[in-house]
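J.: What follows is data-v1.cif; its format and atoms are mmCIF, N, CA and C atoms.
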```
data_model
loop_
_atom_site.group_PDB
_atom_site.id
_atom_site.type_symbol
_atom_site.label_atom_id
_atom_site.label_comp_id
_atom_site.auth_asym_id
_atom_site.auth_seq_id
_atom_site.Cartn_x
_atom_site.Cartn_y
_atom_site.Cartn_z
ATOM 1 N N MET A 1 12.066 36.145 -44.737
ATOM 2 C CA MET A 1 13.027 36.607 -43.760
ATOM 3 C C MET A 1 14.360 35.868 -43.893
ATOM 4 N N ILE A 2 14.279 34.578 -44.209
ATOM 5 C CA ILE A 2 15.505 33.796 -44.353
ATOM 6 C C ILE A 2 16.298 34.275 -45.560
ATOM 7 N N GLY A 3 15.613 34.770 -46.577
ATOM 8 C CA GLY A 3 16.299 35.295 -47.754
ATOM 9 C C GLY A 3 17.204 36.468 -47.419
ATOM 10 N N TYR A 4 16.734 37.323 -46.520
ATOM 11 C CA TYR A 4 17.562 38.458 -46.097
ATOM 12 C C TYR A 4 18.810 37.971 -45.358
ATOM 13 N N LEU A 5 18.642 36.937 -44.551
ATOM 14 C CA LEU A 5 19.774 36.386 -43.829
ATOM 15 C C LEU A 5 20.784 35.764 -44.795
ATOM 16 N N GLU A 6 20.295 35.034 -45.785
ATOM 17 C CA GLU A 6 21.186 34.429 -46.776
ATOM 18 C C GLU A 6 21.906 35.490 -47.598
ATOM 19 N N LEU A 7 21.281 36.623 -47.792
ATOM 20 C CA LEU A 7 21.871 37.711 -48.561
ATOM 21 C C LEU A 7 23.153 38.229 -47.910
ATOM 22 N N THR A 8 23.234 38.152 -46.601
ATOM 23 C CA THR A 8 24.409 38.654 -45.885
ATOM 24 C C THR A 8 25.521 37.627 -45.771
ATOM 25 N N ARG A 9 25.282 36.406 -46.250
ATOM 26 C CA ARG A 9 26.270 35.325 -46.190
ATOM 27 C C ARG A 9 26.797 35.133 -44.756
ATOM 28 N N PRO A 10 25.966 34.554 -43.890
ATOM 29 C CA PRO A 10 26.310 34.459 -42.471
ATOM 30 C C PRO A 10 27.609 33.700 -42.186
ATOM 31 N N THR A 11 27.947 32.712 -42.995
ATOM 32 C CA THR A 11 29.200 31.983 -42.765
ATOM 33 C C THR A 11 30.393 32.905 -42.952
ATOM 34 N N ASN A 12 30.381 33.668 -44.037
ATOM 35 C CA ASN A 12 31.488 34.597 -44.290
ATOM 36 C C ASN A 12 31.545 35.683 -43.219
ATOM 37 N N CYS A 13 30.376 36.188 -42.815
ATOM 38 C CA CYS A 13 30.341 37.238 -41.786
ATOM 39 C C CYS A 13 30.865 36.728 -40.451
ATOM 40 N N SER A 14 30.546 35.481 -40.111
ATOM 41 C CA SER A 14 31.053 34.946 -38.851
ATOM 42 C C SER A 14 32.569 34.777 -38.895
ATOM 43 N N LEU A 15 33.114 34.452 -40.068
ATOM 44 C CA LEU A 15 34.564 34.365 -40.198
ATOM 45 C C LEU A 15 35.219 35.739 -40.055
ATOM 46 N N VAL A 16 34.556 36.765 -40.576
ATOM 47 C CA VAL A 16 35.073 38.127 -40.424
ATOM 48 C C VAL A 16 35.094 38.510 -38.943
ATOM 49 N N ALA A 17 34.001 38.242 -38.256
ATOM 50 C CA ALA A 17 33.927 38.574 -36.827
ATOM 51 C C ALA A 17 34.966 37.787 -36.025
ATOM 52 N N ALA A 18 35.140 36.509 -36.351
ATOM 53 C CA ALA A 18 36.128 35.697 -35.647
ATOM 54 C C ALA A 18 37.543 36.208 -35.910
ATOM 55 N N SER A 19 37.786 36.694 -37.112
ATOM 56 C CA SER A 19 39.109 37.237 -37.440
ATOM 57 C C SER A 19 39.433 38.451 -36.583
ATOM 58 N N VAL A 20 38.442 39.289 -36.345
ATOM 59 C CA VAL A 20 38.663 40.459 -35.489
ATOM 60 C C VAL A 20 38.944 40.005 -34.058
ATOM 61 N N LEU A 21 38.220 39.011 -33.588
ATOM 62 C CA LEU A 21 38.464 38.498 -32.236
ATOM 63 C C LEU A 21 39.866 37.904 -32.116
ATOM 64 N N VAL A 22 40.282 37.131 -33.118
ATOM 65 C CA VAL A 22 41.625 36.552 -33.093
ATOM 66 C C VAL A 22 42.680 37.655 -33.138
ATOM 67 N N GLY A 23 42.434 38.683 -33.924
ATOM 68 C CA GLY A 23 43.349 39.814 -33.972
ATOM 69 C C GLY A 23 43.480 40.474 -32.612
ATOM 70 N N GLY A 24 42.372 40.583 -31.900
ATOM 71 C CA GLY A 24 42.418 41.140 -30.544
ATOM 72 C C GLY A 24 43.207 40.256 -29.597
ATOM 73 N N LEU A 25 43.055 38.946 -29.735
ATOM 74 C CA LEU A 25 43.823 38.024 -28.903
ATOM 75 C C LEU A 25 45.319 38.116 -29.199
ATOM 76 N N LEU A 26 45.653 38.146 -30.475
ATOM 77 C CA LEU A 26 47.065 38.219 -30.858
ATOM 78 C C LEU A 26 47.708 39.538 -30.438
ATOM 79 N N ALA A 27 46.909 40.589 -30.402
ATOM 80 C CA ALA A 27 47.413 41.895 -29.970
ATOM 81 C C ALA A 27 47.452 42.004 -28.451
ATOM 82 N N ARG A 28 46.984 40.955 -27.778
ATOM 83 C CA ARG A 28 46.922 40.924 -26.310
ATOM 84 C C ARG A 28 46.111 42.087 -25.747
ATOM 85 N N ALA A 29 45.011 42.350 -26.420
ATOM 86 C CA ALA A 29 44.125 43.427 -25.988
ATOM 87 C C ALA A 29 43.406 43.003 -24.709
ATOM 88 N N THR A 30 43.120 43.962 -23.873
ATOM 89 C CA THR A 30 42.470 43.669 -22.595
ATOM 90 C C THR A 30 41.061 44.246 -22.497
ATOM 91 N N ARG A 31 40.678 45.064 -23.431
ATOM 92 C CA ARG A 31 39.338 45.661 -23.396
ATOM 93 C C ARG A 31 38.398 44.814 -24.245
ATOM 94 N N TRP A 32 37.810 43.798 -23.623
ATOM 95 C CA TRP A 32 36.993 42.847 -24.370
ATOM 96 C C TRP A 32 35.704 43.459 -24.883
ATOM 97 N N GLY A 33 35.181 44.459 -24.202
ATOM 98 C CA GLY A 33 33.988 45.133 -24.697
ATOM 99 C C GLY A 33 34.269 45.846 -26.009
ATOM 100 N N THR A 34 35.422 46.481 -26.100
ATOM 101 C CA THR A 34 35.811 47.178 -27.324
ATOM 102 C C THR A 34 36.056 46.185 -28.450
ATOM 103 N N ILE A 35 36.699 45.069 -28.134
ATOM 104 C CA ILE A 35 36.951 44.053 -29.156
ATOM 105 C C ILE A 35 35.624 43.451 -29.627
ATOM 106 N N GLY A 36 34.704 43.239 -28.705
ATOM 107 C CA GLY A 36 33.385 42.722 -29.081
ATOM 108 C C GLY A 36 32.639 43.679 -29.999
ATOM 109 N N LEU A 37 32.706 44.964 -29.700
ATOM 110 C CA LEU A 37 32.053 45.955 -30.566
ATOM 111 C C LEU A 37 32.734 46.030 -31.931
ATOM 112 N N ALA A 38 34.058 45.919 -31.941
ATOM 113 C CA ALA A 38 34.777 45.920 -33.213
ATOM 114 C C ALA A 38 34.397 44.697 -34.038
ATOM 115 N N SER A 39 34.254 43.571 -33.391
ATOM 116 C CA SER A 39 33.860 42.342 -34.077
ATOM 117 C C SER A 39 32.439 42.459 -34.630
ATOM 118 N N LEU A 40 31.534 43.005 -33.835
ATOM 119 C CA LEU A 40 30.156 43.207 -34.295
ATOM 120 C C LEU A 40 30.118 44.195 -35.459
ATOM 121 N N SER A 41 30.898 45.252 -35.366
ATOM 122 C CA SER A 41 30.955 46.238 -36.444
ATOM 123 C C SER A 41 31.458 45.609 -37.736
ATOM 124 N N ALA A 42 32.499 44.803 -37.630
ATOM 125 C CA ALA A 42 33.040 44.132 -38.813
ATOM 126 C C ALA A 42 32.006 43.196 -39.424
ATOM 127 N N LEU A 43 31.276 42.485 -38.574
ATOM 128 C CA LEU A 43 30.234 41.578 -39.051
ATOM 129 C C LEU A 43 29.153 42.339 -39.813
ATOM 130 N N LEU A 44 28.688 43.445 -39.256
ATOM 131 C CA LEU A 44 27.624 44.223 -39.894
ATOM 132 C C LEU A 44 28.100 44.897 -41.177
ATOM 133 N N ILE A 45 29.323 45.387 -41.182
ATOM 134 C CA ILE A 45 29.863 46.022 -42.391
ATOM 135 C C ILE A 45 30.016 44.994 -43.497
ATOM 136 N N ALA A 46 30.517 43.811 -43.162
ATOM 137 C CA ALA A 46 30.678 42.757 -44.172
ATOM 138 C C ALA A 46 29.314 42.339 -44.726
ATOM 139 N N GLY A 47 28.336 42.136 -43.848
ATOM 140 C CA GLY A 47 26.999 41.748 -44.304
ATOM 141 C C GLY A 47 26.378 42.802 -45.203
ATOM 142 N N GLY A 48 26.533 44.067 -44.836
ATOM 143 C CA GLY A 48 26.027 45.147 -45.673
ATOM 144 C C GLY A 48 26.743 45.207 -47.011
ATOM 145 N N GLY A 49 28.044 44.974 -46.990
ATOM 146 C CA GLY A 49 28.816 44.974 -48.232
ATOM 147 C C GLY A 49 28.381 43.870 -49.169
ATOM 148 N N TYR A 50 28.102 42.687 -48.629
ATOM 149 C CA TYR A 50 27.623 41.587 -49.465
ATOM 150 C C TYR A 50 26.265 41.922 -50.082
ATOM 151 N N ALA A 51 25.390 42.521 -49.289
ATOM 152 C CA ALA A 51 24.059 42.876 -49.790
ATOM 153 C C ALA A 51 24.147 43.937 -50.882
ATOM 154 N N VAL A 52 24.968 44.955 -50.678
ATOM 155 C CA VAL A 52 25.138 46.007 -51.686
ATOM 156 C C VAL A 52 25.740 45.421 -52.962
ATOM 157 N N ASN A 53 26.705 44.542 -52.805
ATOM 158 C CA ASN A 53 27.317 43.906 -53.968
ATOM 159 C C ASN A 53 26.290 43.111 -54.768
ATOM 160 N N ASP A 54 25.434 42.351 -54.088
ATOM 161 C CA ASP A 54 24.409 41.587 -54.788
ATOM 162 C C ASP A 54 23.427 42.507 -55.510
ATOM 163 N N TYR A 55 23.110 43.629 -54.908
ATOM 164 C CA TYR A 55 22.176 44.565 -55.524
ATOM 165 C C TYR A 55 22.746 45.142 -56.823
ATOM 166 N N PHE A 56 23.979 45.603 -56.776
ATOM 167 C CA PHE A 56 24.550 46.256 -57.942
ATOM 168 C C PHE A 56 25.039 45.282 -59.005
ATOM 169 N N ASP A 57 25.346 44.051 -58.635
ATOM 170 C CA ASP A 57 25.840 43.075 -59.595
ATOM 171 C C ASP A 57 24.779 42.073 -60.024
ATOM 172 N N HIS A 58 23.522 42.393 -59.822
ATOM 173 C CA HIS A 58 22.446 41.458 -60.143
ATOM 174 C C HIS A 58 22.471 41.049 -61.619
ATOM 175 N N GLU A 59 22.592 41.994 -62.504
ATOM 176 C CA GLU A 59 22.592 41.690 -63.944
ATOM 177 C C GLU A 59 23.829 40.867 -64.332
ATOM 178 N N ILE A 60 24.966 41.215 -63.787
ATOM 179 C CA ILE A 60 26.204 40.479 -64.095
ATOM 180 C C ILE A 60 26.117 39.046 -63.569
ATOM 181 N N ASP A 61 25.538 38.881 -62.377
ATOM 182 C CA ASP A 61 25.405 37.548 -61.810
ATOM 183 C C ASP A 61 24.454 36.678 -62.628
ATOM 184 N N LYS A 62 23.409 37.282 -63.222
ATOM 185 C CA LYS A 62 22.506 36.497 -64.072
ATOM 186 C C LYS A 62 23.255 35.948 -65.280
ATOM 187 N N VAL A 63 24.147 36.747 -65.870
ATOM 188 C CA VAL A 63 24.908 36.303 -67.036
ATOM 189 C C VAL A 63 25.896 35.220 -66.645
ATOM 190 N N ASN A 64 26.567 35.387 -65.514
ATOM 191 C CA ASN A 64 27.585 34.422 -65.095
ATOM 192 C C ASN A 64 27.019 33.103 -64.596
ATOM 193 N N ARG A 65 25.794 33.084 -64.180
ATOM 194 C CA ARG A 65 25.187 31.834 -63.700
ATOM 195 C C ARG A 65 24.441 31.242 -64.840
#
```
Turn the structure described in the file into structure tokens.

T.:
Amino acid sequence: MIGYLELTRPTNCSLVAASVLVGGLLARATRWGTIGLASLSALLIAGGGYAVNDYFDHEIDKVNR
């Protein structure tokens, strides 16, 4: 189970989510529920993107490592 979590790169995903929150603050947004959902969406999209990238680049990553 921990392998699946590592696959999504939680540190990078948390930075993506925090960036969306900071963007909402800088835009002086007042709908915190919407900003929270946008942040969660960004986190899930980034995690999925990392997983898909690892799947398709598996052979290339073996050569580079």

J.: Measure the distance from atom N of Ala27 of chain A to atom C of Tyr50 of chain A in Å and round it to one decimal.

T.: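 Going from atom N of Ala27 of chain A over to atom C of Tyr50 of chain A, I get 28.6 Å.
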
J.: So how far away is atom CA of Gly48 of chain A from atom CA of Ser19 of chain A, in Å?

T.: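 Taking atom CA of Ser19 of chain A as the start and atom CA of Gly48 of chain A as the end point, the length is 17.4 Å.
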
J.: Show me, as a ChimeraX atom specification, the residues that have an atom within 8 Å of Ala38 of chain A when counting only N, CA and C atoms, minus same-chain residues fewer than 4 positions from it.

T.: /A:16-17,20-21,32-34,42-44

J.: Among chain A, which residues carry a DSSP assignment of alpha helix (DSSP H), reported as a PyMOL selection string?

T.: chain A and resi 2-7+10-26+32-56+58-64

J.: Counting only C-alpha atoms, which residue out of A:Leu25, A:Val63, A:His58, A:Ala51 sits closest to Leu5 of chain A?

T.: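 Of the candidates, the smallest distance to Leu5 of chain A is held by A:Ala51.
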
J.: What does the structure give for the distance between atom N of Ser14 of chain A and atom CA of Leu40 of chain A, in Å to one decimal?

T.: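 Calculated distance between atom N of Ser14 of chain A and atom CA of Leu40 of chain A is 9.7 Å.
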
J.: For segment 38-57 of chain A, take all atoms listed in the file, fit an axis-aligned box around them, add 6 Å to each of the six sides, then output centre and edge lengths in Å rounded to one decimal, as lines of an AutoDock Vina configuration file.

T.:
```
center_x = 28.5
center_y = 43.9
center_z = -46.0
size_x = 24.6
size_y = 16.7
size_z = 40.1
```

J.: I'd like the contact shell of Cys13 of chain A - 6.5 Å cut-off, only N, CA and C atoms, skipping same-chain residues fewer than 5 positions apart - returned as number ranges by chain.

T.: A: 8, 18, 43, 46-47

J.: Can we get segment 33-46 of chain A of that structure written down with all heavy atoms, as a PDB file, in the first residue's frame?

T.:
```pdb
ATOM      1  N   GLY A  33     -14.771  26.773   0.057  1.00  0.00           N
ATOM      2  CA  GLY A  33     -15.135  25.421  -0.347  1.00  0.00           C
ATOM      3  C   GLY A  33     -14.705  25.145  -1.778  1.00  0.00           C
ATOM      4  O   GLY A  33     -14.186  24.071  -2.090  1.00  0.00           O
ATOM      5  N   THR A  34     -14.885  26.121  -2.647  1.00  0.00           N
ATOM      6  CA  THR A  34     -14.483  25.978  -4.045  1.00  0.00           C
ATOM      7  C   THR A  34     -12.968  25.903  -4.160  1.00  0.00           C
ATOM      8  O   THR A  34     -12.433  25.102  -4.934  1.00  0.00           O
ATOM      9  CB  THR A  34     -15.018  27.168  -4.873  1.00  0.00           C
ATOM     10  OG1 THR A  34     -16.429  27.223  -4.716  1.00  0.00           O
ATOM     11  CG2 THR A  34     -14.670  27.012  -6.333  1.00  0.00           C
ATOM     12  N   ILE A  35     -12.268  26.724  -3.389  1.00  0.00           N
ATOM     13  CA  ILE A  35     -10.806  26.695  -3.424  1.00  0.00           C
ATOM     14  C   ILE A  35     -10.300  25.353  -2.884  1.00  0.00           C
ATOM     15  O   ILE A  35      -9.351  24.778  -3.407  1.00  0.00           O
ATOM     16  CB  ILE A  35     -10.223  27.867  -2.614  1.00  0.00           C
ATOM     17  CG1 ILE A  35     -10.587  29.184  -3.288  1.00  0.00           C
ATOM     18  CG2 ILE A  35      -8.714  27.734  -2.478  1.00  0.00           C
ATOM     19  CD1 ILE A  35     -10.273  30.394  -2.455  1.00  0.00           C
ATOM     20  N   GLY A  36     -10.942  24.847  -1.847  1.00  0.00           N
ATOM     21  CA  GLY A  36     -10.560  23.539  -1.308  1.00  0.00           C
ATOM     22  C   GLY A  36     -10.759  22.424  -2.324  1.00  0.00           C
ATOM     23  O   GLY A  36      -9.911  21.544  -2.459  1.00  0.00           O
ATOM     24  N   LEU A  37     -11.866  22.466  -3.044  1.00  0.00           N
ATOM     25  CA  LEU A  37     -12.106  21.453  -4.081  1.00  0.00           C
ATOM     26  C   LEU A  37     -11.112  21.593  -5.232  1.00  0.00           C
ATOM     27  O   LEU A  37     -10.645  20.591  -5.782  1.00  0.00           O
ATOM     28  CB  LEU A  37     -13.539  21.562  -4.600  1.00  0.00           C
ATOM     29  CG  LEU A  37     -14.618  21.044  -3.672  1.00  0.00           C
ATOM     30  CD1 LEU A  37     -15.995  21.312  -4.265  1.00  0.00           C
ATOM     31  CD2 LEU A  37     -14.439  19.577  -3.401  1.00  0.00           C
ATOM     32  N   ALA A  38     -10.783  22.830  -5.586  1.00  0.00           N
ATOM     33  CA  ALA A  38      -9.792  23.045  -6.637  1.00  0.00           C
ATOM     34  C   ALA A  38      -8.431  22.519  -6.199  1.00  0.00           C
ATOM     35  O   ALA A  38      -7.707  21.907  -6.988  1.00  0.00           O
ATOM     36  CB  ALA A  38      -9.696  24.523  -6.983  1.00  0.00           C
ATOM     37  N   SER A  39      -8.092  22.728  -4.954  1.00  0.00           N
ATOM     38  CA  SER A  39      -6.823  22.239  -4.418  1.00  0.00           C
ATOM     39  C   SER A  39      -6.793  20.710  -4.400  1.00  0.00           C
ATOM     40  O   SER A  39      -5.791  20.089  -4.777  1.00  0.00           O
ATOM     41  CB  SER A  39      -6.629  22.788  -3.011  1.00  0.00           C
ATOM     42  OG  SER A  39      -5.419  22.366  -2.467  1.00  0.00           O
ATOM     43  N   LEU A  40      -7.886  20.098  -3.975  1.00  0.00           N
ATOM     44  CA  LEU A  40      -7.971  18.635  -3.970  1.00  0.00           C
ATOM     45  C   LEU A  40      -7.896  18.087  -5.394  1.00  0.00           C
ATOM     46  O   LEU A  40      -7.215  17.090  -5.644  1.00  0.00           O
ATOM     47  CB  LEU A  40      -9.269  18.189  -3.297  1.00  0.00           C
ATOM     48  CG  LEU A  40      -9.525  16.687  -3.266  1.00  0.00           C
ATOM     49  CD1 LEU A  40      -8.462  15.975  -2.438  1.00  0.00           C
ATOM     50  CD2 LEU A  40     -10.913  16.403  -2.726  1.00  0.00           C
ATOM     51  N   SER A  41      -8.570  18.741  -6.317  1.00  0.00           N
ATOM     52  CA  SER A  41      -8.534  18.312  -7.715  1.00  0.00           C
ATOM     53  C   SER A  41      -7.119  18.382  -8.273  1.00  0.00           C
ATOM     54  O   SER A  41      -6.661  17.457  -8.948  1.00  0.00           O
ATOM     55  CB  SER A  41      -9.457  19.178  -8.567  1.00  0.00           C
ATOM     56  OG  SER A  41     -10.781  19.034  -8.163  1.00  0.00           O
ATOM     57  N   ALA A  42      -6.424  19.467  -7.980  1.00  0.00           N
ATOM     58  CA  ALA A  42      -5.047  19.615  -8.451  1.00  0.00           C
ATOM     59  C   ALA A  42      -4.155  18.528  -7.864  1.00  0.00           C
ATOM     60  O   ALA A  42      -3.310  17.953  -8.559  1.00  0.00           O
ATOM     61  CB  ALA A  42      -4.513  20.992  -8.092  1.00  0.00           C
ATOM     62  N   LEU A  43      -4.357  18.222  -6.588  1.00  0.00           N
ATOM     63  CA  LEU A  43      -3.578  17.174  -5.932  1.00  0.00           C
ATOM     64  C   LEU A  43      -3.804  15.824  -6.604  1.00  0.00           C
ATOM     65  O   LEU A  43      -2.848  15.098  -6.909  1.00  0.00           O
ATOM     66  CB  LEU A  43      -3.972  17.106  -4.456  1.00  0.00           C
ATOM     67  CG  LEU A  43      -3.229  16.110  -3.598  1.00  0.00           C
ATOM     68  CD1 LEU A  43      -2.889  16.746  -2.262  1.00  0.00           C
ATOM     69  CD2 LEU A  43      -4.077  14.880  -3.359  1.00  0.00           C
ATOM     70  N   LEU A  44      -5.055  15.480  -6.864  1.00  0.00           N
ATOM     71  CA  LEU A  44      -5.373  14.188  -7.473  1.00  0.00           C
ATOM     72  C   LEU A  44      -4.899  14.107  -8.921  1.00  0.00           C
ATOM     73  O   LEU A  44      -4.412  13.061  -9.367  1.00  0.00           O
ATOM     74  CB  LEU A  44      -6.875  13.927  -7.387  1.00  0.00           C
ATOM     75  CG  LEU A  44      -7.421  13.725  -5.973  1.00  0.00           C
ATOM     76  CD1 LEU A  44      -8.940  13.641  -6.003  1.00  0.00           C
ATOM     77  CD2 LEU A  44      -6.817  12.503  -5.326  1.00  0.00           C
ATOM     78  N   ILE A  45      -5.021  15.193  -9.656  1.00  0.00           N
ATOM     79  CA  ILE A  45      -4.558  15.202 -11.050  1.00  0.00           C
ATOM     80  C   ILE A  45      -3.048  15.052 -11.099  1.00  0.00           C
ATOM     81  O   ILE A  45      -2.512  14.297 -11.923  1.00  0.00           O
ATOM     82  CB  ILE A  45      -5.031  16.484 -11.762  1.00  0.00           C
ATOM     83  CG1 ILE A  45      -6.536  16.429 -11.977  1.00  0.00           C
ATOM     84  CG2 ILE A  45      -4.299  16.686 -13.081  1.00  0.00           C
ATOM     85  CD1 ILE A  45      -7.151  17.755 -12.406  1.00  0.00           C
ATOM     86  N   ALA A  46      -2.339  15.754 -10.222  1.00  0.00           N
ATOM     87  CA  ALA A  46      -0.874  15.648 -10.194  1.00  0.00           C
ATOM     88  C   ALA A  46      -0.451  14.224  -9.824  1.00  0.00           C
ATOM     89  O   ALA A  46       0.434  13.649 -10.467  1.00  0.00           O
ATOM     90  CB  ALA A  46      -0.292  16.650  -9.214  1.00  0.00           C
TER      91      ALA A  46
END
```
